[in-house]
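*Asks:* Input file: query_23.txt. Contents: compact mmCIF, C-alpha atoms.
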```txt
# COMPACT_ATOMS: atom_id res chain seq x y z
CA MET A 1 0.00 0.00 0.00
CA VAL A 2 1.27 3.46 -0.93
CA LYS A 3 0.97 6.13 1.75
CA LYS A 4 1.44 9.84 1.26
CA VAL A 5 3.32 12.01 3.72
CA ASN A 6 1.09 14.71 5.20
CA SER A 7 2.59 17.99 4.03
CA ASN A 8 1.55 21.36 2.67
CA ILE A 9 4.61 21.73 0.45
CA ASN A 10 6.22 18.31 -0.11
CA ASN A 11 4.70 15.64 -2.35
CA VAL A 12 6.14 12.39 -0.99
CA GLU A 13 4.80 8.86 -1.34
CA VAL A 14 6.09 5.78 0.46
CA GLY A 15 5.41 2.37 -1.02
CA SER A 16 5.63 0.49 -4.29
CA LEU A 17 6.55 2.68 -7.24
CA LEU A 18 4.26 0.53 -9.37
CA ASP A 19 1.23 1.61 -7.33
CA SER A 20 2.27 5.25 -6.96
CA GLN A 21 1.49 8.42 -8.91
CA PHE A 22 4.75 8.08 -10.87
CA ASP A 23 3.27 6.50 -13.99
CA SER A 24 0.44 9.04 -14.06
CA LEU A 25 2.92 11.90 -13.85
CA LEU A 26 4.87 10.55 -16.80
CA LYS A 27 1.77 9.92 -18.91
CA ASP A 28 -0.24 13.02 -18.01
CA VAL A 29 1.75 15.94 -16.62
CA PHE A 30 4.91 15.13 -18.59
CA ARG A 31 3.32 13.35 -21.54
CA ASN A 32 5.04 15.55 -24.14
CA ALA A 33 8.19 16.23 -22.14
CA ARG A 34 11.54 14.62 -22.76
CA LYS A 35 12.70 12.56 -19.80
CA ILE A 36 16.28 12.67 -18.53
CA VAL A 37 17.17 10.08 -15.90
CA ILE A 38 20.21 10.83 -13.76
CA VAL A 39 21.85 7.82 -12.07
CA ASP A 40 25.23 6.88 -10.71
CA GLU A 41 27.17 3.77 -11.63
CA ASN A 42 25.49 1.74 -8.87
CA THR A 43 21.90 2.70 -9.63
CA GLN A 44 22.51 2.30 -13.34
CA GLU A 45 23.25 -1.36 -12.66
CA HIS A 46 20.86 -2.18 -9.82
CA CYS A 47 17.86 0.17 -10.15
CA TRP A 48 17.56 1.59 -13.66
CA PRO A 49 16.63 -1.77 -15.30
CA TYR A 50 13.63 -2.05 -12.93
CA LEU A 51 12.30 1.36 -14.01
CA LEU A 52 13.03 0.80 -17.68
CA THR A 53 11.12 -2.50 -17.78
CA SER A 54 8.25 -1.24 -15.60
CA PHE A 55 7.39 2.07 -17.24
CA GLU A 56 6.81 2.32 -20.97
CA SER A 57 7.06 6.12 -20.81
CA LEU A 58 10.79 5.83 -20.04
CA LYS A 59 11.75 3.79 -23.12
CA ASP A 60 13.05 6.92 -24.92
CA ALA A 61 14.55 8.60 -21.84
CA GLU A 62 18.07 10.00 -21.97
CA LEU A 63 20.32 8.41 -19.33
CA ILE A 64 23.08 10.44 -17.66
CA VAL A 65 25.47 8.47 -15.47
CA LEU A 66 27.33 10.26 -12.67
CA PRO A 67 30.53 8.84 -11.15
CA THR A 68 29.81 7.17 -7.81
CA GLY A 69 31.02 8.70 -4.54
CA GLU A 70 30.87 11.79 -2.35
CA GLU A 71 34.16 13.01 -3.84
CA ASN A 72 32.34 13.49 -7.17
CA LYS A 73 29.64 15.73 -5.70
CA SER A 74 31.26 18.76 -7.30
CA ILE A 75 30.53 21.73 -9.51
CA GLU A 76 32.88 20.27 -12.13
CA VAL A 77 30.61 17.25 -12.58
CA CYS A 78 27.58 19.57 -12.75
CA PHE A 79 29.21 21.51 -15.60
CA GLN A 80 29.58 18.26 -17.53
CA VAL A 81 25.89 17.47 -17.07
CA TRP A 82 24.77 20.98 -18.04
CA GLN A 83 26.86 20.62 -21.18
CA ALA A 84 25.17 17.30 -21.95
CA LEU A 85 21.69 18.79 -21.37
CA SER A 86 22.54 21.60 -23.80
CA GLU A 87 23.80 19.14 -26.39
CA TYR A 88 20.59 17.10 -25.99
CA GLN A 89 18.67 20.39 -26.51
CA ILE A 90 16.69 19.89 -23.33
CA LYS A 91 13.98 22.54 -22.90
CA ARG A 92 12.47 24.11 -19.81
CA GLY A 93 9.33 22.00 -20.19
CA ASP A 94 11.27 18.73 -19.95
CA VAL A 95 11.82 16.77 -16.74
CA ILE A 96 14.76 15.26 -14.87
CA ILE A 97 14.29 12.07 -12.85
CA ASN A 98 16.93 11.57 -10.15
CA LEU A 99 17.35 7.87 -9.39
CA GLY A 100 19.89 7.32 -6.64
CA GLY A 101 21.10 8.13 -3.16
CA GLY A 102 21.69 11.50 -1.55
CA VAL A 103 24.53 12.46 -3.87
CA VAL A 104 22.37 11.88 -6.95
CA THR A 105 19.27 13.62 -5.57
CA ASP A 106 21.26 16.57 -4.18
CA MET A 107 23.26 17.02 -7.39
CA GLY A 108 20.41 16.21 -9.75
CA GLY A 109 18.14 18.68 -7.98
CA PHE A 110 20.84 21.35 -8.09
CA ILE A 111 21.50 20.71 -11.78
CA ALA A 112 17.77 20.97 -12.53
CA SER A 113 17.26 24.09 -10.41
CA ILE A 114 20.02 25.98 -12.25
CA TYR A 115 19.56 24.80 -15.84
CA LYS A 116 17.54 27.38 -17.80
CA ARG A 117 16.56 28.93 -14.45
CA GLY A 118 14.69 25.86 -13.37
CA LEU A 119 13.73 22.49 -14.79
CA SER A 120 11.12 20.23 -13.19
CA PHE A 121 12.53 17.20 -11.44
CA ILE A 122 11.32 14.05 -9.70
CA ASN A 123 13.31 12.28 -6.99
CA ILE A 124 13.36 8.50 -6.59
CA PRO A 125 15.74 7.96 -3.65
CA THR A 126 17.26 4.49 -3.58
CA THR A 127 19.12 4.49 -0.25
CA LEU A 128 17.70 4.57 3.26
CA LEU A 129 19.65 7.78 3.89
CA SER A 130 18.18 9.59 0.91
CA MET A 131 14.66 8.36 1.69
CA VAL A 132 14.58 9.60 5.29
CA ASP A 133 16.67 12.73 4.73
CA ALA A 134 16.97 14.00 1.15
CA SER A 135 13.38 13.04 0.26
CA VAL A 136 11.89 16.05 2.05
CA GLY A 137 12.62 19.73 2.03
CA GLY A 138 13.98 20.68 -1.38
CA LYS A 139 17.60 21.17 -0.39
CA THR A 140 19.89 20.73 -3.37
CA GLY A 141 23.63 21.20 -3.52
CA VAL A 142 27.20 20.22 -4.18
CA ASN A 143 30.39 20.35 -2.16
CA LEU A 144 33.13 22.92 -2.51
CA SER A 145 36.41 21.10 -1.85
CA PRO A 146 36.13 19.78 1.74
CA TRP A 147 33.10 21.95 2.61
CA LYS A 148 29.80 20.10 2.45
CA ASN A 149 26.96 21.53 0.37
CA GLN A 150 28.46 25.02 0.13
CA LEU A 151 26.68 25.61 -3.19
CA GLY A 152 22.97 24.90 -3.51
CA THR A 153 19.37 26.04 -3.70
CA PHE A 154 16.05 25.44 -2.01
CA THR A 155 14.05 23.89 -4.85
CA LEU A 156 11.27 21.36 -4.35
CA PRO A 157 10.90 18.35 -6.63
CA VAL A 158 7.55 17.88 -8.32
CA TYR A 159 7.26 14.58 -6.47
CA THR A 160 9.37 12.16 -4.44
CA PHE A 161 8.77 8.41 -4.44
CA CYS A 162 10.27 6.23 -1.70
CA ASP A 163 10.01 2.56 -2.64
CA PRO A 164 11.50 0.17 -0.04
CA ILE A 165 12.23 -2.35 -2.81
CA PHE A 166 15.43 -0.45 -3.60
CA LEU A 167 16.74 -1.04 -0.07
CA LYS A 168 17.35 -4.68 -1.07
CA THR A 169 20.25 -3.44 -3.23
CA LEU A 170 22.12 -1.99 -0.23
CA ASP A 171 24.78 -3.52 1.98
CA ASP A 172 24.67 -3.31 5.78
CA LYS A 173 26.98 -0.29 5.87
CA GLU A 174 24.62 1.76 3.71
CA ILE A 175 21.61 0.72 5.77
CA LEU A 176 23.48 1.77 8.90
CA SER A 177 24.26 5.13 7.29
CA GLY A 178 20.58 5.83 6.72
CA ARG A 179 19.68 4.65 10.19
CA ALA A 180 21.75 7.51 11.62
CA GLU A 181 19.36 10.10 10.17
CA MET A 182 16.42 8.18 11.61
CA ILE A 183 18.15 8.24 15.01
CA LYS A 184 18.58 11.99 14.59
CA HIS A 185 14.89 12.54 13.85
CA GLY A 186 14.03 10.76 17.07
CA LEU A 187 16.60 12.58 19.17
CA ILE A 188 15.44 16.02 18.09
CA SER A 189 11.68 15.50 18.14
CA ASP A 190 10.30 12.13 19.32
CA ARG A 191 11.77 9.96 22.07
CA SER A 192 9.50 6.99 21.35
CA TYR A 193 10.62 6.99 17.71
CA TYR A 194 14.25 7.12 18.86
CA ASP A 195 13.65 4.09 21.09
CA ASP A 196 11.97 2.21 18.22
CA VAL A 197 14.82 2.93 15.79
CA MET A 198 17.37 1.76 18.38
CA SER A 199 15.52 -1.36 19.54
CA LYS A 200 13.05 -2.40 16.81
CA PHE A 201 14.90 -1.36 13.67
CA ASP A 202 13.85 -3.04 10.44
CA PRO A 203 15.00 -1.39 7.18
CA ALA A 204 12.08 -3.01 5.35
CA SER A 205 9.52 -1.43 7.69
CA SER A 206 7.47 1.09 5.72
CA GLU A 207 5.97 2.23 9.03
CA LEU A 208 9.32 3.30 10.51
CA LEU A 209 10.33 4.85 7.20
CA LEU A 210 7.09 6.81 6.85
CA LYS A 211 7.22 8.03 10.48
CA GLY A 212 10.80 9.29 10.06
CA ILE A 213 9.93 11.15 6.86
CA GLN A 214 6.82 12.59 8.51
CA LEU A 215 8.84 13.90 11.48
CA LYS A 216 11.14 15.76 9.11
CA SER A 217 8.26 16.99 6.96
CA ASP A 218 6.47 18.47 9.96
CA ILE A 219 9.55 20.57 10.74
CA VAL A 220 10.17 21.62 7.13
CA ASP A 221 6.54 22.63 6.61
CA ASN A 222 6.88 25.19 9.38
CA ASP A 223 10.21 26.55 8.14
CA PRO A 224 10.96 25.67 4.50
CA LYS A 225 13.90 28.09 4.08
CA GLU A 226 15.67 27.23 7.36
CA LYS A 227 15.17 30.55 9.10
CA GLY A 228 14.41 28.95 12.44
CA GLU A 229 12.96 25.55 13.44
CA ARG A 230 14.38 23.68 10.43
CA LYS A 231 17.86 24.19 11.90
CA LYS A 232 16.95 21.40 14.33
CA LEU A 233 17.56 18.96 11.48
CA ASN A 234 21.23 19.99 11.56
CA PHE A 235 21.77 18.18 14.86
CA GLY A 236 24.99 16.18 14.52
CA HIS A 237 25.86 17.87 11.24
CA THR A 238 28.05 20.75 12.40
CA VAL A 239 30.59 18.24 13.67
CA GLY A 240 29.60 15.43 11.30
CA HIS A 241 30.08 17.43 8.11
CA ALA A 242 33.53 18.55 9.27
CA ILE A 243 34.61 14.98 10.02
CA GLU A 244 33.20 13.83 6.68
CA GLY A 245 34.92 16.61 4.75
CA TYR A 246 38.23 15.97 6.48
CA CYS A 247 38.07 12.22 5.92
CA THR A 248 37.05 12.61 2.28
CA LYS A 249 39.91 15.03 1.66
CA ASN A 250 42.33 12.55 3.22
CA GLU A 251 40.88 9.59 1.31
CA ARG A 252 39.46 7.80 4.33
CA LYS A 253 36.32 5.86 3.50
CA VAL A 254 33.45 6.92 5.73
CA THR A 255 29.73 7.21 5.13
CA HIS A 256 27.66 10.32 5.73
CA GLY A 257 25.63 8.48 8.36
CA GLU A 258 28.70 7.40 10.30
CA CYS A 259 29.91 10.99 10.45
CA VAL A 260 26.51 12.28 11.54
CA ALA A 261 26.42 9.58 14.24
CA TRP A 262 29.80 10.70 15.59
CA GLY A 263 28.64 14.30 15.31
CA MET A 264 25.55 13.53 17.38
CA ILE A 265 27.69 12.12 20.19
CA ILE A 266 29.86 15.25 20.25
CA GLU A 267 26.91 17.61 20.06
CA ALA A 268 25.11 15.68 22.79
CA ASN A 269 28.22 16.16 24.95
CA LEU A 270 28.16 19.88 24.14
CA SER A 271 24.46 19.93 25.05
CA CYS A 272 25.31 18.39 28.40
CA GLU A 273 28.30 20.58 29.19
CA PHE A 274 26.95 23.95 28.06
CA TYR A 275 23.15 23.54 28.00
CA ASP A 276 20.44 21.44 29.68
CA LEU A 277 20.92 17.83 28.57
CA SER A 278 21.32 15.49 31.54
CA LYS A 279 24.45 13.37 31.95
CA THR A 280 22.21 10.31 31.92
CA ASP A 281 20.82 11.14 28.48
CA ALA A 282 24.25 12.16 27.15
CA GLU A 283 25.77 8.86 28.27
CA LYS A 284 22.84 6.89 26.87
CA ILE A 285 23.30 8.54 23.48
CA LYS A 286 27.06 8.02 23.51
CA ASN A 287 26.87 4.36 24.50
CA GLU A 288 24.04 3.38 22.15
CA ILE A 289 25.41 5.18 19.11
CA THR A 290 28.98 4.01 19.71
CA ASP A 291 27.74 0.41 19.91
CA LEU A 292 26.42 0.82 16.36
CA TYR A 293 28.99 3.10 14.73
CA GLY A 294 32.23 2.64 16.61
CA ILE A 295 34.65 5.56 16.80
CA PRO A 296 35.78 8.05 14.13
CA PRO A 297 39.06 7.38 12.27
CA ILE A 298 40.72 10.58 13.47
CA GLN A 299 43.66 11.28 15.72
CA SER A 300 44.23 13.84 18.45
CA ASP A 301 46.55 15.94 16.29
CA GLU A 302 43.84 16.27 13.62
CA VAL A 303 41.26 17.96 15.85
CA ASP A 304 42.42 21.50 15.05
CA ALA A 305 41.97 20.95 11.31
CA ILE A 306 38.51 19.48 11.81
CA VAL A 307 37.37 22.37 14.00
CA GLU A 308 38.75 24.79 11.41
CA LEU A 309 36.42 23.17 8.85
CA MET A 310 33.52 23.76 11.24
CA GLY A 311 34.31 27.47 11.05
CA GLN A 312 33.20 27.41 7.40
CA ASP A 313 29.82 25.88 8.24
CA LYS A 314 26.85 27.70 6.69
CA LYS A 315 25.04 27.90 10.03
CA ASN A 316 27.64 30.12 11.71
CA THR A 317 26.66 33.75 12.11
CA ASN A 318 29.50 35.15 14.21
CA SER A 319 32.85 34.13 15.67
CA LYS A 320 31.34 31.15 17.52
CA LEU A 321 30.29 27.77 16.17
CA ASN A 322 26.55 27.28 15.83
CA PHE A 323 24.89 23.94 16.50
CA THR A 324 21.54 22.41 17.49
CA PHE A 325 21.49 21.21 21.09
CA LEU A 326 19.33 18.75 22.98
CA LYS A 327 17.38 19.66 26.09
CA GLU A 328 16.46 15.99 26.48
CA ILE A 329 16.05 13.02 24.17
CA GLY A 330 13.18 14.01 21.88
CA LEU A 331 13.43 17.76 22.52
CA SER A 332 15.87 20.13 20.84
CA GLU A 333 16.65 23.81 20.46
CA ILE A 334 18.42 25.78 17.76
CA ASP A 335 21.30 28.24 17.79
CA GLY A 336 23.50 26.78 20.46
CA GLU A 337 26.94 28.39 20.42
CA VAL A 338 30.37 27.31 21.55
CA SER A 339 33.82 28.70 20.97
CA SER A 340 36.31 26.88 18.79
CA GLU A 341 38.43 26.18 21.87
CA ASP A 342 35.54 24.57 23.75
CA MET A 343 34.71 22.49 20.68
CA LYS A 344 38.33 21.30 20.52
CA LYS A 345 38.28 20.31 24.19
CA VAL A 346 35.10 18.25 23.86
CA LEU A 347 36.31 16.60 20.65
CA GLN A 348 39.73 15.81 22.13
CA ASN A 349 38.12 14.34 25.23
CA TYR A 350 35.83 12.16 23.10
CA ILE A 351 38.78 10.81 21.10
CA ARG A 352 40.76 10.03 24.24
CA THR A 353 37.88 8.28 26.01
CA THR A 354 36.87 6.17 23.03
```
Please render this file's structure as structure tokens.
*Replies:*
Amino acid sequence: MVKKVNSNINNVEVGSLLDSQFDSLLKDVFRNARKIVIVDENTQEHCWPYLLTSFESLKDAELIVLPTGEENKSIEVCFQVWQALSEYQIKRGDVIINLGGGVVTDMGGFIASIYKRGLSFINIPTTLLSMVDASVGGKTGVNLSPWKNQLGTFTLPVYTFCDPIFLKTLDDKEILSGRAEMIKHGLISDRSYYDDVMSKFDPASSELLLKGIQLKSDIVDNDPKEKGERKKLNFGHTVGHAIEGYCTKNERKVTHGECVAWGMIIEANLSCEFYDLSKTDAEKIKNEITDLYGIPPIQSDEVDAIVELMGQDKKNTNSKLNFTFLKEIGLSEIDGEVSSEDMKKVLQNYIRTT
């Protein structure tokens, strides 16, 4: 059964793509439009054949294959795609279909939002991470060297379709990466959901998937351009993005979810030391997340470089580092601030004790 996320601004369906509105969109809204499907090397092999054999309307679609990996989420790759779209003579009335994980949906959405001042696009996320995170909110973007998502737009897809069938193509590491964002949604807004994700996790559960997407959608509906409440969704990301950028630059293989998980531990510690989170909750978060994600592959002498990357974070508004803090598990607040020196101390202490 296909269920739609309750939202005033996001059109998101969870369930079988075959029973969704996807075919109707192709046949009705985009009947005369040319279809461009953007994939990466993995989804070209594992996901594209399913769409091609299931939907007659895609038989003449143009396929654009992006190189796989976070290191390829760059403006240089976007330029290559824009060049290809121009050579294909794609018009403003045509449509892009992004079939892939967060890198594909972020980049594909950005490419569409810029080309000819805006091309319609549909997202079909194929990873757990992209379903629970990138599926809602219209954030598009690419990285700028080690800085995550420094270039981007707020542009909503026409529709997003989350079909759990694609999760069967993922290995355990990718499932774990997506689980981190589900953990985050619980920590910032719903303790019972956090407990369910930690103790009753099933990647094939449409119910858990739908609830996680709904939690994010509720926040985004109230603040689509991230002027206030939507900043709560950045919990774990101030630190996590810096660790991810540093590791990517130094060719250490980490997933986005792993880095967010480590970031949540650090930011929970900051919430305890400088704000209202109890030591009991902070320790619970640290122990439970560490059991799943281990410890980050960084050394004590690398902390300064990582904190320097945090200084470039988009959320900072003054000389201090901005982050979302927890008041308790399931309740968060925005615009927490710490100095770079305090951040270094907490990060150093975490590395030493783990």
*Asks:* With a cut-off of 9 Å, could you pull out the residues of segment 184-280 of chain A touching segment 11-22 of chain A and give me the nearest pair of atoms for each, distance in Å to one decimal, using all atoms listed in the file, ordered by chain and ascending number, as a Markdown table?
*Replies:*
```
| residue | atom | partner | partner_atom | distance |
| --- | --- | --- | --- | --- |
| A:Ser206 | CA | A:Gly15 | CA | 7.2 |
| A:Leu209 | CA | A:Val14 | CA | 8.0 |
| A:Leu210 | CA | A:Val14 | CA | 6.5 |
| A:Ile213 | CA | A:Val12 | CA | 8.8 |
```
*Asks:* Please determine, counting all atoms listed in the file, which residue among A:Cys47, A:Met343, A:Ile9, A:Val239 has the shortest atom-to-atom distance to Asp218 of chain A.
*Replies:*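 Answer, going by the shortest atom-to-atom distance: A:Ile9.
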*Asks:* In Å, with one decimal, what is the gap from atom CA of Ile306 of chain A to atom CA of Val197 of chain A?
*Replies:*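 That distance, rounded to one decimal, is 29.2 Å.
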*Asks:* For Leu331 of chain A, which of A:Leu347, A:Val65, A:Leu156, A:Ala268 is the closest residue, counting all atoms listed in the file?
*Replies:* A:Ala268
*Asks:* Which polymer residues have any atom within 6 Å of an atom of Ser130 of chain A, counting only C-alpha atoms, with same-chain residues fewer than 5 positions away left out, as a PyMOL selection string?
*Replies:* chain A and resi 101-102+125+135
*Asks:* Could you add N, CA and C atoms to segment 61-76 of chain A and give me the result as a PDB file, in the coordinates of the input?
*Replies:*
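So the final result, stored in rebuild01.pdb, reads:
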```
ATOM      1  N   ALA A  61      13.875   7.656 -22.747  1.00  0.00           N
ATOM      2  CA  ALA A  61      14.550   8.600 -21.840  1.00  0.00           C
ATOM      3  C   ALA A  61      16.050   8.648 -22.114  1.00  0.00           C
ATOM      4  N   GLU A  62      16.606   9.831 -21.920  1.00  0.00           N
ATOM      5  CA  GLU A  62      18.070  10.000 -21.970  1.00  0.00           C
ATOM      6  C   GLU A  62      18.634   9.626 -20.607  1.00  0.00           C
ATOM      7  N   LEU A  63      19.703   8.842 -20.590  1.00  0.00           N
ATOM      8  CA  LEU A  63      20.320   8.410 -19.330  1.00  0.00           C
ATOM      9  C   LEU A  63      21.651   9.123 -19.145  1.00  0.00           C
ATOM     10  N   ILE A  64      21.816   9.783 -18.005  1.00  0.00           N
ATOM     11  CA  ILE A  64      23.080  10.440 -17.660  1.00  0.00           C
ATOM     12  C   ILE A  64      23.646   9.752 -16.428  1.00  0.00           C
ATOM     13  N   VAL A  65      24.859   9.242 -16.548  1.00  0.00           N
ATOM     14  CA  VAL A  65      25.470   8.470 -15.470  1.00  0.00           C
ATOM     15  C   VAL A  65      26.540   9.303 -14.778  1.00  0.00           C
ATOM     16  N   LEU A  66      26.350   9.538 -13.471  1.00  0.00           N
ATOM     17  CA  LEU A  66      27.330  10.260 -12.670  1.00  0.00           C
ATOM     18  C   LEU A  66      28.333   9.273 -12.073  1.00  0.00           C
ATOM     19  N   PRO A  67      29.577   9.702 -11.868  1.00  0.00           N
ATOM     20  CA  PRO A  67      30.530   8.840 -11.150  1.00  0.00           C
ATOM     21  C   PRO A  67      30.079   8.670  -9.707  1.00  0.00           C
ATOM     22  N   THR A  68      30.261   7.475  -9.168  1.00  0.00           N
ATOM     23  CA  THR A  68      29.810   7.170  -7.810  1.00  0.00           C
ATOM     24  C   THR A  68      30.759   7.770  -6.773  1.00  0.00           C
ATOM     25  N   GLY A  69      30.188   8.278  -5.667  1.00  0.00           N
ATOM     26  CA  GLY A  69      31.020   8.700  -4.540  1.00  0.00           C
ATOM     27  C   GLY A  69      30.867  10.158  -4.178  1.00  0.00           C
ATOM     28  N   GLU A  70      30.975  10.426  -2.882  1.00  0.00           N
ATOM     29  CA  GLU A  70      30.870  11.790  -2.350  1.00  0.00           C
ATOM     30  C   GLU A  70      31.910  12.713  -2.957  1.00  0.00           C
ATOM     31  N   GLU A  71      33.094  12.175  -3.294  1.00  0.00           N
ATOM     32  CA  GLU A  71      34.160  13.010  -3.840  1.00  0.00           C
ATOM     33  C   GLU A  71      33.804  13.575  -5.217  1.00  0.00           C
ATOM     34  N   ASN A  72      32.775  13.019  -5.853  1.00  0.00           N
ATOM     35  CA  ASN A  72      32.340  13.490  -7.170  1.00  0.00           C
ATOM     36  C   ASN A  72      31.152  14.439  -7.099  1.00  0.00           C
ATOM     37  N   LYS A  73      30.745  14.790  -5.881  1.00  0.00           N
ATOM     38  CA  LYS A  73      29.640  15.730  -5.700  1.00  0.00           C
ATOM     39  C   LYS A  73      30.183  17.151  -5.830  1.00  0.00           C
ATOM     40  N   SER A  74      30.503  17.526  -7.068  1.00  0.00           N
ATOM     41  CA  SER A  74      31.260  18.760  -7.300  1.00  0.00           C
ATOM     42  C   SER A  74      30.652  19.569  -8.432  1.00  0.00           C
ATOM     43  N   ILE A  75      31.008  20.837  -8.457  1.00  0.00           N
ATOM     44  CA  ILE A  75      30.530  21.730  -9.510  1.00  0.00           C
ATOM     45  C   ILE A  75      31.089  21.318 -10.859  1.00  0.00           C
ATOM     46  N   GLU A  76      32.277  20.709 -10.868  1.00  0.00           N
ATOM     47  CA  GLU A  76      32.880  20.270 -12.130  1.00  0.00           C
ATOM     48  C   GLU A  76      32.016  19.209 -12.811  1.00  0.00           C
TER      49      GLU A  76
END
```
